[in-house]
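Visitor: For reference, this is upload_8.txt, and it has compact mmCIF, C-alpha atoms and all ligand atoms.
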# COMPACT_ATOMS: atom_id res chain seq x y z
CA MET A 1 -10.25 21.89 44.61
CA LYS A 2 -6.94 20.10 45.11
CA ASN A 3 -8.69 16.73 44.84
CA MET A 4 -10.37 17.87 41.67
CA LEU A 5 -7.00 18.81 40.19
CA LEU A 6 -5.50 15.44 41.13
CA LEU A 7 -8.47 13.69 39.54
CA LEU A 8 -8.01 15.69 36.35
CA LEU A 9 -4.30 14.88 36.25
CA ALA A 10 -5.07 11.20 36.81
CA ILE A 11 -7.49 11.24 33.87
CA VAL A 12 -4.99 12.94 31.59
CA PHE A 13 -2.21 10.48 32.43
CA THR A 14 -4.30 7.32 32.24
CA ASN A 15 -6.34 8.32 29.23
CA PRO A 16 -5.82 5.65 26.53
CA ILE A 17 -5.80 8.32 23.78
CA HIS A 18 -2.91 10.00 25.57
CA ALA A 19 -1.15 6.64 25.86
CA GLN A 20 -1.60 5.99 22.11
CA GLU A 21 0.24 9.19 21.32
CA LYS A 22 3.51 7.80 22.59
CA GLU A 23 5.82 7.64 19.63
CA TYR A 24 7.36 4.39 18.47
CA ILE A 25 8.69 2.38 15.59
CA GLU A 26 7.88 -1.28 15.98
CA LEU A 27 9.60 -3.91 13.86
CA GLN A 28 8.20 -7.43 13.64
CA PHE A 29 10.76 -9.89 12.29
CA TYR A 30 9.75 -12.81 10.05
CA MET A 31 11.13 -15.39 7.70
CA ASP A 32 9.18 -16.09 4.53
CA GLU A 33 10.02 -19.55 3.24
CA ASP A 34 8.74 -18.83 -0.30
CA ASP A 35 11.05 -15.81 -0.56
CA LEU A 36 13.94 -17.73 0.96
CA LEU A 37 13.53 -20.52 -1.62
CA GLN A 38 13.39 -17.96 -4.44
CA GLN A 39 16.63 -16.37 -3.17
CA LEU A 40 18.50 -19.62 -2.58
CA LEU A 41 17.46 -21.18 -5.88
CA PHE A 42 17.60 -18.25 -8.29
CA GLN A 43 19.42 -15.20 -6.93
CA ASP A 44 22.56 -14.40 -8.94
CA ARG A 45 24.02 -11.94 -6.45
CA ILE A 46 25.56 -14.23 -3.85
CA SER A 47 28.13 -12.85 -1.44
CA ARG A 48 31.42 -14.78 -1.59
CA ASP A 49 32.38 -13.99 2.03
CA SER A 50 31.69 -17.49 3.27
CA GLU A 51 32.85 -20.29 1.01
CA LYS A 52 30.96 -22.82 3.12
CA GLN A 53 27.67 -21.01 2.60
CA VAL A 54 28.28 -20.57 -1.12
CA GLN A 55 29.02 -24.30 -1.36
CA ALA A 56 25.80 -25.16 0.51
CA ILE A 57 23.78 -22.96 -1.89
CA GLN A 58 25.42 -24.60 -4.90
CA ASN A 59 24.78 -28.08 -3.48
CA PHE A 60 21.15 -27.21 -2.81
CA ARG A 61 20.68 -25.86 -6.35
CA ALA A 62 22.30 -28.95 -7.89
CA PHE A 63 20.12 -31.21 -5.74
CA MET A 64 16.90 -29.45 -6.77
CA TRP A 65 17.68 -28.80 -10.46
CA SER A 66 18.68 -32.41 -11.08
CA ARG A 67 15.30 -33.61 -9.81
CA TYR A 68 12.67 -30.91 -10.30
CA GLU A 69 13.57 -28.83 -13.31
CA LYS A 70 9.98 -28.34 -14.53
CA GLU A 71 8.67 -27.43 -11.10
CA LEU A 72 11.52 -24.95 -10.60
CA LEU A 73 10.83 -23.26 -13.93
CA THR A 74 7.20 -22.80 -12.94
CA PHE A 75 8.27 -21.49 -9.52
CA ARG A 76 10.61 -18.99 -11.14
CA TYR A 77 8.54 -17.78 -14.07
CA GLY A 78 4.96 -18.85 -13.36
CA ASP A 79 2.03 -16.86 -12.04
CA PRO A 80 1.69 -17.27 -8.24
CA GLN A 81 -2.11 -17.28 -8.62
CA ASN A 82 -2.00 -20.24 -10.98
CA SER A 83 -2.92 -23.67 -9.55
CA ARG A 84 0.11 -25.35 -11.17
CA TYR A 85 2.37 -22.79 -9.50
CA LYS A 86 0.83 -23.56 -6.13
CA TRP A 87 1.23 -27.28 -6.68
CA CYS A 88 4.88 -26.84 -7.75
CA LEU A 89 5.66 -24.65 -4.74
CA SER A 90 4.30 -27.18 -2.28
CA LYS A 91 6.26 -29.93 -4.06
CA ILE A 92 9.47 -27.83 -3.93
CA LYS A 93 8.99 -27.08 -0.24
CA GLU A 94 8.44 -30.74 0.54
CA GLU A 95 11.44 -31.90 -1.50
CA ALA A 96 13.79 -29.15 -0.26
CA LYS A 97 13.44 -30.61 3.21
CA LYS A 98 15.13 -33.80 1.98
CA CYS A 99 18.33 -31.86 1.21
CA PRO A 100 20.64 -31.47 4.25
CA ASP A 101 22.16 -28.30 2.76
CA TYR A 102 18.73 -26.67 2.78
CA ALA A 103 18.29 -27.47 6.49
CA GLU A 104 21.62 -25.76 7.13
CA LEU A 105 20.73 -22.69 5.03
CA PHE A 106 17.35 -22.45 6.73
CA ALA A 107 18.98 -22.58 10.19
CA GLN A 108 21.49 -19.87 9.19
CA THR A 109 18.61 -17.61 8.16
CA GLN A 110 16.88 -18.22 11.49
CA GLU A 111 20.12 -17.32 13.29
CA ARG A 112 20.43 -14.17 11.21
CA LEU A 113 16.88 -13.22 12.14
CA GLU A 114 17.69 -13.57 15.84
CA TYR A 115 20.85 -11.50 15.39
CA CYS A 116 19.04 -8.66 13.57
CA LYS A 117 16.19 -8.64 16.11
CA ASN A 118 18.62 -8.49 19.04
CA GLN A 119 20.69 -5.75 17.49
CA TRP A 120 17.58 -3.70 16.70
CA GLU A 121 16.25 -4.11 20.25
CA THR A 122 19.62 -3.31 21.84
CA ASN A 123 19.95 -0.09 19.82
CA TYR A 124 16.29 0.85 19.76
CA GLN A 125 16.11 3.56 22.47
CA GLN A 126 19.29 5.27 21.40
CA SER A 127 18.70 5.07 17.63
CA PHE A 128 15.07 6.19 18.03
CA ALA A 129 16.15 9.28 19.98
CA ILE A 130 18.83 10.11 17.40
CA MET A 131 16.50 9.68 14.41
CA LYS A 132 13.78 11.68 16.10
CA GLU A 133 16.20 14.52 16.69
CA ILE A 134 17.61 14.37 13.15
CA THR A 135 14.30 14.14 11.28
CA ARG A 136 11.95 15.96 13.70
CA LEU A 137 9.18 13.63 12.51
CA HIS A 138 6.49 11.94 14.61
CA PHE A 139 6.98 8.19 14.47
CA HIS A 140 3.98 5.88 14.94
CA ARG A 141 4.49 2.96 12.62
CA THR A 142 4.81 -0.83 12.73
CA PHE A 143 6.75 -2.65 10.01
CA ARG A 144 7.09 -6.28 8.99
CA VAL A 145 10.73 -7.15 8.33
CA TYR A 146 11.45 -10.26 6.25
CA ILE A 147 14.94 -11.58 6.87
CA GLY A 148 16.79 -13.37 4.10
CA HIS A 149 19.87 -15.58 4.06
CA PRO A 150 23.17 -13.88 5.11
CA ALA A 151 24.84 -14.77 1.79
CA VAL A 152 22.16 -12.97 -0.24
CA PRO A 153 22.53 -9.18 0.18
CA GLU A 154 19.24 -7.33 0.08
CA GLY A 155 17.79 -4.10 1.48
CA ARG A 156 14.43 -3.02 0.17
CA TYR A 157 11.32 -1.19 1.28
CA ARG A 158 8.44 -3.06 -0.36
CA ARG A 159 5.65 -0.57 0.41
CA ASN A 160 2.82 -1.27 2.89
CA MET A 161 5.21 -1.12 5.85
CA THR A 162 7.16 -4.15 4.63
CA ILE A 163 10.95 -4.36 4.56
CA CYS A 164 13.17 -7.09 3.08
CA TRP A 165 16.56 -7.36 4.71
CA GLY A 166 19.26 -9.91 3.80
CA GLY A 167 23.04 -10.24 3.84
CA ARG A 168 25.49 -9.88 6.70
CA GLU A 169 27.05 -7.14 8.85
CA TYR A 170 29.51 -5.10 6.79
CA GLY A 171 30.23 -2.71 9.66
CA LYS A 172 29.32 -1.96 13.26
CA ASN A 173 25.51 -1.60 13.71
CA TYR A 174 25.04 -2.17 9.99
CA THR A 175 21.57 -3.67 10.39
CA THR A 176 20.28 -0.91 12.70
CA VAL A 177 21.46 1.84 10.34
CA TYR A 178 19.94 0.23 7.26
CA LEU A 179 16.69 -0.72 8.92
CA TRP A 180 16.31 2.98 9.73
CA HIS A 181 17.16 3.76 6.11
CA GLU A 182 14.36 1.42 4.96
CA ILE A 183 11.95 2.84 7.57
CA MET A 184 12.69 6.33 6.22
CA HIS A 185 11.58 5.15 2.76
CA SER A 186 8.05 5.07 4.15
CA TYR A 187 8.30 8.72 5.29
CA CYS A 188 10.42 10.44 2.64
CA PRO A 189 9.29 11.29 -0.88
CA HIS A 190 10.47 9.07 -3.72
CA GLY A 191 13.40 10.24 -5.79
CA LEU A 192 16.85 11.76 -5.56
CA VAL A 193 16.16 14.48 -2.98
CA GLY A 194 14.26 12.30 -0.48
CA HIS A 195 16.68 9.40 -0.87
CA SER A 196 19.76 11.57 -0.45
CA LEU A 197 18.29 13.06 2.73
CA GLN A 198 17.61 9.54 4.03
CA GLU A 199 21.25 8.71 3.40
CA LEU A 200 22.48 11.84 5.14
CA ALA A 201 20.22 11.07 8.11
CA ALA A 202 20.57 7.30 8.54
CA ASP A 203 23.60 6.04 6.60
CA ASN A 204 25.74 8.96 7.77
CA GLU A 205 24.60 10.86 10.84
CA LEU A 206 22.92 7.99 12.68
CA ARG A 207 25.85 5.68 11.85
CA GLN A 208 28.43 8.19 13.09
CA ARG A 209 26.54 8.96 16.28
CA LEU A 210 25.87 5.31 17.11
CA ASN A 211 29.40 4.17 16.37
CA GLY A 212 31.45 7.16 17.46
CA PRO A 213 34.16 9.04 15.53
CA GLU A 214 36.79 6.37 16.14
CA ASP A 215 34.87 3.64 14.32
CA HIS A 216 36.22 2.68 10.91
CA SER A 217 34.45 -0.65 10.58
CA TRP A 218 32.45 0.64 7.59
CA GLY A 219 35.68 1.52 5.82
CA THR A 220 34.91 5.25 5.79
CA ASN A 221 33.31 7.85 7.97
CA GLU A 222 32.30 10.15 5.13
CA ASN A 223 29.48 10.18 2.64
CA VAL A 224 28.03 6.66 2.77
CA GLY A 225 25.19 5.85 0.36
CA HIS A 226 24.36 4.86 -3.20
CA PRO A 227 27.40 5.78 -5.38
CA GLU A 228 25.17 7.35 -8.06
CA GLN A 229 23.96 9.84 -5.45
CA ASP A 230 27.40 10.69 -4.06
CA SER A 231 27.72 14.03 -5.83
CA PHE A 232 24.20 15.16 -4.99
CA ARG A 233 24.65 14.24 -1.32
CA LEU A 234 27.85 16.26 -1.22
CA PHE A 235 26.11 19.11 -2.97
CA MET A 236 23.38 19.16 -0.31
CA ARG A 237 25.80 19.15 2.59
CA ASN A 238 25.46 22.87 3.27
CA ASP A 239 21.65 22.74 3.22
CA TRP A 240 21.89 19.81 5.59
CA LYS A 241 24.29 21.62 7.91
CA ARG A 242 22.02 24.66 8.12
CA TYR A 243 19.01 22.45 8.75
CA ARG A 244 20.77 20.54 11.55
CA GLU A 245 22.11 23.67 13.22
CA ALA A 246 19.33 26.16 13.24
CA SER A 247 16.05 25.53 11.58
CA ASN A 248 12.80 24.34 13.12
CA ILE A 249 11.51 22.59 9.99
CA ASP A 250 11.41 18.80 9.67
CA ILE A 251 13.15 16.62 7.10
CA LEU A 252 10.10 16.60 4.80
CA ASP A 253 9.95 20.41 4.82
CA LEU A 254 13.65 20.38 4.00
CA ALA A 255 13.03 18.07 1.01
CA ARG A 256 10.32 20.45 -0.26
CA ALA A 257 12.54 23.51 0.28
CA ILE A 258 15.48 21.94 -1.60
CA LYS A 259 13.27 20.96 -4.53
CA LYS A 260 11.84 24.45 -4.67
CA ARG A 261 15.19 26.19 -4.39
CA TYR A 262 16.83 24.17 -7.17
CA GLY A 263 13.71 23.70 -9.31
CA ILE A 264 13.75 19.91 -8.96
CA VAL A 265 10.46 18.28 -9.90
CA GLU A 266 9.94 14.73 -8.71
CA GLN A 267 6.96 12.50 -8.43
CA THR A 268 5.91 12.27 -4.80
CA GLN A 269 4.84 9.10 -3.03
ZN ZN B 1 17.07 3.31 -0.17
Using the file provided, produce a representation of the structure as structure tokens.
Guide:
Amino acid sequence: MKNMLLLLLAIVFTNPIHAQEKEYIELQFYMDEDDLLQQLLFQDRISRDSEKQVQAIQNFRAFMWSRYEKELLTFRYGDPQNSRYKWCLSKIKEEAKKCPDYAELFAQTQERLEYCKNQWETNYQQSFAIMKEITRLHFHRTFRVYIGHPAVPEGRYRRNMTICWGGREYGKNYTTVYLWHEIMHSYCPHGLVGHSLQELAADNELRQRLNGPEDHSWGTNENVGHPEQDSFRLFMRNDWKRYREASNIDILDLARAIKKRYGIVEQTQ
């Protein structure tokens, strides 16, 4: 009988289905050279933090525009499925390599990728446990994260488990907090309620718990998020407090309850 029990236990603990149930968030970090070229050549929002990087981007643009104006116009405005577009893109890639500033910008993006990957891995266990506790969701997803140049700020969830992340660290554990914010886009409903809850969970609670109360590297310890949602986030603070203290519902139930209570109708994902 005892042997039988041991055998049963062994089956339960080695069963692959059981193993698959282990929760995780896996991030795979990539660089996409087509996206990087689009950013470096056309993006208007360039961060001025590093004059050297801004200068390298300007040099690279001048180098390319003086030689390949037609190809660049097709790359910017053309249809990616079109054969001329494809030809222009391969030409641009080939020619960009002749510009030393591009080599530098490319290397800086690779460095940024390594930095983000290391920070994510260093914080993974702790941030996963915190987010699990805050959201009460079951996490089983893998995401592709495309890293852009540090002088081009970007944070976007592009659907299909794809995240675009660019720019630099504007505070302690900045990348970890915002990668969780983007991850939460795949779980939370679209719109004001879902997004404000994501901000309360990741931008605020996760940030404060990872960094501790003494940290002021983000400039503030209160109410971080999109400025146009500031008032709504503040308004929801009591609902949030009650949810964190006592309830057994998850963050998606909370979003539904808030919409119902205040009569907010939003398109769901
Ligand atoms: Zn967002």
Visitor: So, with only C-alpha atoms and all ligand atoms as the atoms that count, which of A:Arg242, A:Arg158, A:Lys259, A:Lys86 lies closest to ligand ZN 1 (chain B)?
Guide: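 Among the listed residues, A:Arg158 lies closest to ligand ZN 1 (chain B).
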Visitor: Please identify all polymer residues within 8 Å of stretch 110-127 of chain A, counting all atoms listed in the file, omitting same-chain residues fewer than 4 positions from it, and present them as a PyMOL selection string.
Guide: chain A and resi 29-31+106+131+147+149-150+173+175-176+206+210
Visitor: For atom CA of A:Arg209 and atom CA of A:Met184, quote the distance in Å rounded to one decimal.
Guide: 17.3 Å
Visitor: Ligand ZN 1 (chain B): which residues are within 9 Å, counting all atoms listed in the file? Reply as a ChimeraX atom specification.
Guide: /A:155-157,178,181-182,184-185,195-196,198-199,225-226
Visitor: Here is a test: counting only C-alpha atoms, which residue of A:Ile163, A:Val145, A:Leu252, A:Val193 is nearest to A:Asp230?
Guide: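 Ranked by minimum distance to A:Asp230, first place goes to A:Val193.
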Visitor: What are the closest atom pairs, with distances in Å to one decimal, for all residues of stretch 75-137 of chain A lying within 8 Å of stretch 54-70 of chain A? Consider all atoms listed in the file, order rows by chain and residue number, and present the result as a Markdown table.
Guide:
| residue | atom | partner | partner_atom | distance |
| --- | --- | --- | --- | --- |
| A:Ile92 | CA | A:Tyr68 | CA | 7.8 |
| A:Glu95 | CA | A:Met64 | CA | 8.0 |
| A:Ala96 | CA | A:Met64 | CA | 7.2 |
| A:Cys99 | CA | A:Phe60 | CA | 6.8 |
| A:Asp101 | CA | A:Ala56 | CA | 5.3 |
| A:Tyr102 | CA | A:Phe60 | CA | 6.1 |
| A:Glu104 | CA | A:Ala56 | CA | 7.9 |
| A:Leu105 | CA | A:Ala56 | CA | 7.2 |
Visitor: Which of these residues is nearest to A:Glu154, using all atoms listed in the file: A:Ala255, A:Ile46, A:Ala107, A:Leu137?
Guide: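 Once distances to A:Glu154 are computed over all atoms listed in the file, the minimum belongs to A:Ile46.
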Visitor: Please check which residues have atoms at most 12 Å from (14.3, 20.7, 4.2) in the file's coordinates, counting all atoms listed in the file, and write them as a VMD selection string.
Guide: chain A and resid 134 to 136 188 to 189 193 to 194 196 to 198 201 236 to 244 246 to 261
Visitor: Kindly compute an axis-aligned box around the listed atoms of stretch 226-243 of chain A, allowing 4 Å on each side, and express its centre and edge lengths in Å to one decimal as lines of an AutoDock Vina configuration file.
Guide:
center_x = 23.4
center_y = 14.8
center_z = 0.3
size_x = 16.8
size_y = 27.8
size_z = 24.8
Visitor: Nearest to A:Gly171: which of A:Phe128, A:Trp87, A:Trp218, A:Tyr187 is it, counting all atoms listed in the file?
Guide: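 Ranked by minimum distance to A:Gly171, first place goes to A:Trp218.
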Visitor: Show me, as a PyMOL selection string, the residues that have an atom within 9 Å of A:Glu71 when counting only C-alpha atoms, minus same-chain residues fewer than 4 positions from it.
Guide: chain A and resi 75-76+84-85+87-89+91-92
Visitor: Can I get the selection written as a CSV table (one decimal), in the coordinates of the input, with C-alpha atoms?
Guide:
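The file below, out.csv, is the result:
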chain,number,residue,atom,x,y,z
A,75,PHE,CA,8.3,-21.5,-9.5
A,76,ARG,CA,10.6,-19.0,-11.1
A,84,ARG,CA,0.1,-25.4,-11.2
A,85,TYR,CA,2.4,-22.8,-9.5
A,87,TRP,CA,1.2,-27.3,-6.7
A,88,CYS,CA,4.9,-26.8,-7.8
A,89,LEU,CA,5.7,-24.6,-4.7
A,91,LYS,CA,6.3,-29.9,-4.1
A,92,ILE,CA,9.5,-27.8,-3.9
Visitor: Please provide the set of residues having any atom within 9 Å of A:His138, restricted to all atoms listed in the file, with same-chain residues fewer than 4 positions apart removed, written as a list in words.
Guide: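 That gives Glu23, Tyr24 and Lys132 of chain A.
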Visitor: Quick one: distance from atom CA of A:Gln81 to atom CA of A:Gln39 in Å, one decimal?
Guide: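 These atoms are spaced 19.5 Å apart.
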Visitor: Excluding A:Gln43 and its own-chain neighbours fewer than 5 positions away, which residues fall within 10 Å of it when counting only C-alpha atoms? Please give them as a list in words.
Guide: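 Skipping anything fewer than 5 positions along the chain leaves Leu36, Leu37, Gln38, Val152 and Pro153 of chain A.
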Visitor: If I take atom CA of A:Asp79 and atom CA of A:Asp32, how far is one from the other in Å, to one decimal?
Guide: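 One can read the atom CA of A:Asp79 to atom CA of A:Asp32 distance as 18.1 Å.
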Visitor: From the block you just saw, export stretch 100-135 of chain A: N, CA and C atoms, as a short mmCIF file (atom, residue, chain, number, x, y, z; two decimals), in the first residue's frame.
Guide:
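Result written to out_15.cif:
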data_model
loop_
_atom_site.label_atom_id
_atom_site.label_comp_id
_atom_site.auth_asym_id
_atom_site.auth_seq_id
_atom_site.Cartn_x
_atom_site.Cartn_y
_atom_site.Cartn_z
N PRO A 100 29.78 54.97 -40.46
CA PRO A 100 30.30 54.59 -39.13
C PRO A 100 29.33 54.96 -37.99
N ASP A 101 28.56 56.02 -38.18
CA ASP A 101 27.59 56.40 -37.13
C ASP A 101 26.53 55.31 -36.96
N TYR A 102 26.16 54.67 -38.06
CA TYR A 102 25.15 53.61 -37.96
C TYR A 102 25.70 52.42 -37.16
N ALA A 103 26.98 52.09 -37.40
CA ALA A 103 27.59 50.98 -36.65
C ALA A 103 27.54 51.26 -35.16
N GLU A 104 27.80 52.53 -34.82
CA GLU A 104 27.78 52.94 -33.41
C GLU A 104 26.36 52.83 -32.83
N LEU A 105 25.38 53.32 -33.59
CA LEU A 105 23.98 53.30 -33.12
C LEU A 105 23.48 51.86 -32.98
N PHE A 106 23.92 51.02 -33.90
CA PHE A 106 23.53 49.61 -33.87
C PHE A 106 24.11 48.95 -32.61
N ALA A 107 25.39 49.24 -32.33
CA ALA A 107 26.05 48.66 -31.15
C ALA A 107 25.39 49.14 -29.86
N GLN A 108 24.98 50.42 -29.84
CA GLN A 108 24.31 50.95 -28.63
C GLN A 108 22.97 50.25 -28.40
N THR A 109 22.29 49.89 -29.48
CA THR A 109 21.01 49.19 -29.34
C THR A 109 21.25 47.77 -28.82
N GLN A 110 22.31 47.15 -29.33
CA GLN A 110 22.65 45.80 -28.82
C GLN A 110 22.97 45.84 -27.33
N GLU A 111 23.71 46.86 -26.93
CA GLU A 111 24.05 47.03 -25.50
C GLU A 111 22.79 47.22 -24.66
N ARG A 112 21.88 48.02 -25.21
CA ARG A 112 20.62 48.29 -24.49
C ARG A 112 19.82 46.99 -24.33
N LEU A 113 19.86 46.18 -25.38
CA LEU A 113 19.15 44.89 -25.32
C LEU A 113 19.72 44.03 -24.17
N GLU A 114 21.04 43.97 -24.11
CA GLU A 114 21.68 43.17 -23.05
C GLU A 114 21.30 43.71 -21.66
N TYR A 115 21.29 45.05 -21.55
CA TYR A 115 20.95 45.67 -20.27
C TYR A 115 19.52 45.30 -19.85
N CYS A 116 18.57 45.44 -20.80
CA CYS A 116 17.16 45.17 -20.47
C CYS A 116 16.97 43.70 -20.10
N LYS A 117 17.62 42.82 -20.85
CA LYS A 117 17.50 41.38 -20.61
C LYS A 117 18.04 41.05 -19.21
N ASN A 118 19.21 41.61 -18.89
CA ASN A 118 19.80 41.34 -17.57
C ASN A 118 18.93 41.87 -16.45
N GLN A 119 18.41 43.08 -16.64
CA GLN A 119 17.58 43.65 -15.57
C GLN A 119 16.32 42.80 -15.37
N TRP A 120 15.71 42.41 -16.50
CA TRP A 120 14.50 41.58 -16.41
C TRP A 120 14.81 40.28 -15.66
N GLU A 121 15.91 39.63 -16.05
CA GLU A 121 16.25 38.34 -15.43
C GLU A 121 16.59 38.49 -13.95
N THR A 122 17.30 39.56 -13.61
CA THR A 122 17.65 39.81 -12.21
C THR A 122 16.41 39.99 -11.35
N ASN A 123 15.42 40.71 -11.90
CA ASN A 123 14.22 41.04 -11.12
C ASN A 123 13.09 40.03 -11.28
N TYR A 124 13.31 39.02 -12.15
CA TYR A 124 12.18 38.19 -12.55
C TYR A 124 11.43 37.54 -11.37
N GLN A 125 12.15 36.79 -10.52
CA GLN A 125 11.47 36.05 -9.44
C GLN A 125 10.68 36.99 -8.55
N GLN A 126 11.34 38.07 -8.16
CA GLN A 126 10.70 39.00 -7.23
C GLN A 126 9.51 39.71 -7.88
N SER A 127 9.72 40.21 -9.10
CA SER A 127 8.64 40.97 -9.75
C SER A 127 7.48 40.05 -10.12
N PHE A 128 7.79 38.80 -10.49
CA PHE A 128 6.72 37.84 -10.81
C PHE A 128 5.85 37.61 -9.56
N ALA A 129 6.51 37.37 -8.43
CA ALA A 129 5.76 37.11 -7.19
C ALA A 129 4.89 38.31 -6.81
N ILE A 130 5.44 39.52 -6.97
CA ILE A 130 4.68 40.73 -6.63
C ILE A 130 3.47 40.88 -7.56
N MET A 131 3.70 40.72 -8.87
CA MET A 131 2.60 40.90 -9.83
C MET A 131 1.53 39.83 -9.68
N LYS A 132 1.96 38.64 -9.34
CA LYS A 132 1.01 37.55 -9.11
C LYS A 132 0.11 37.90 -7.92
N GLU A 133 0.75 38.39 -6.87
CA GLU A 133 -0.01 38.74 -5.68
C GLU A 133 -0.95 39.93 -5.94
N ILE A 134 -0.47 40.90 -6.71
CA ILE A 134 -1.30 42.09 -6.96
C ILE A 134 -2.48 41.76 -7.87
N THR A 135 -2.22 40.99 -8.93
CA THR A 135 -3.27 40.79 -9.95
C THR A 135 -4.13 39.56 -9.69
#
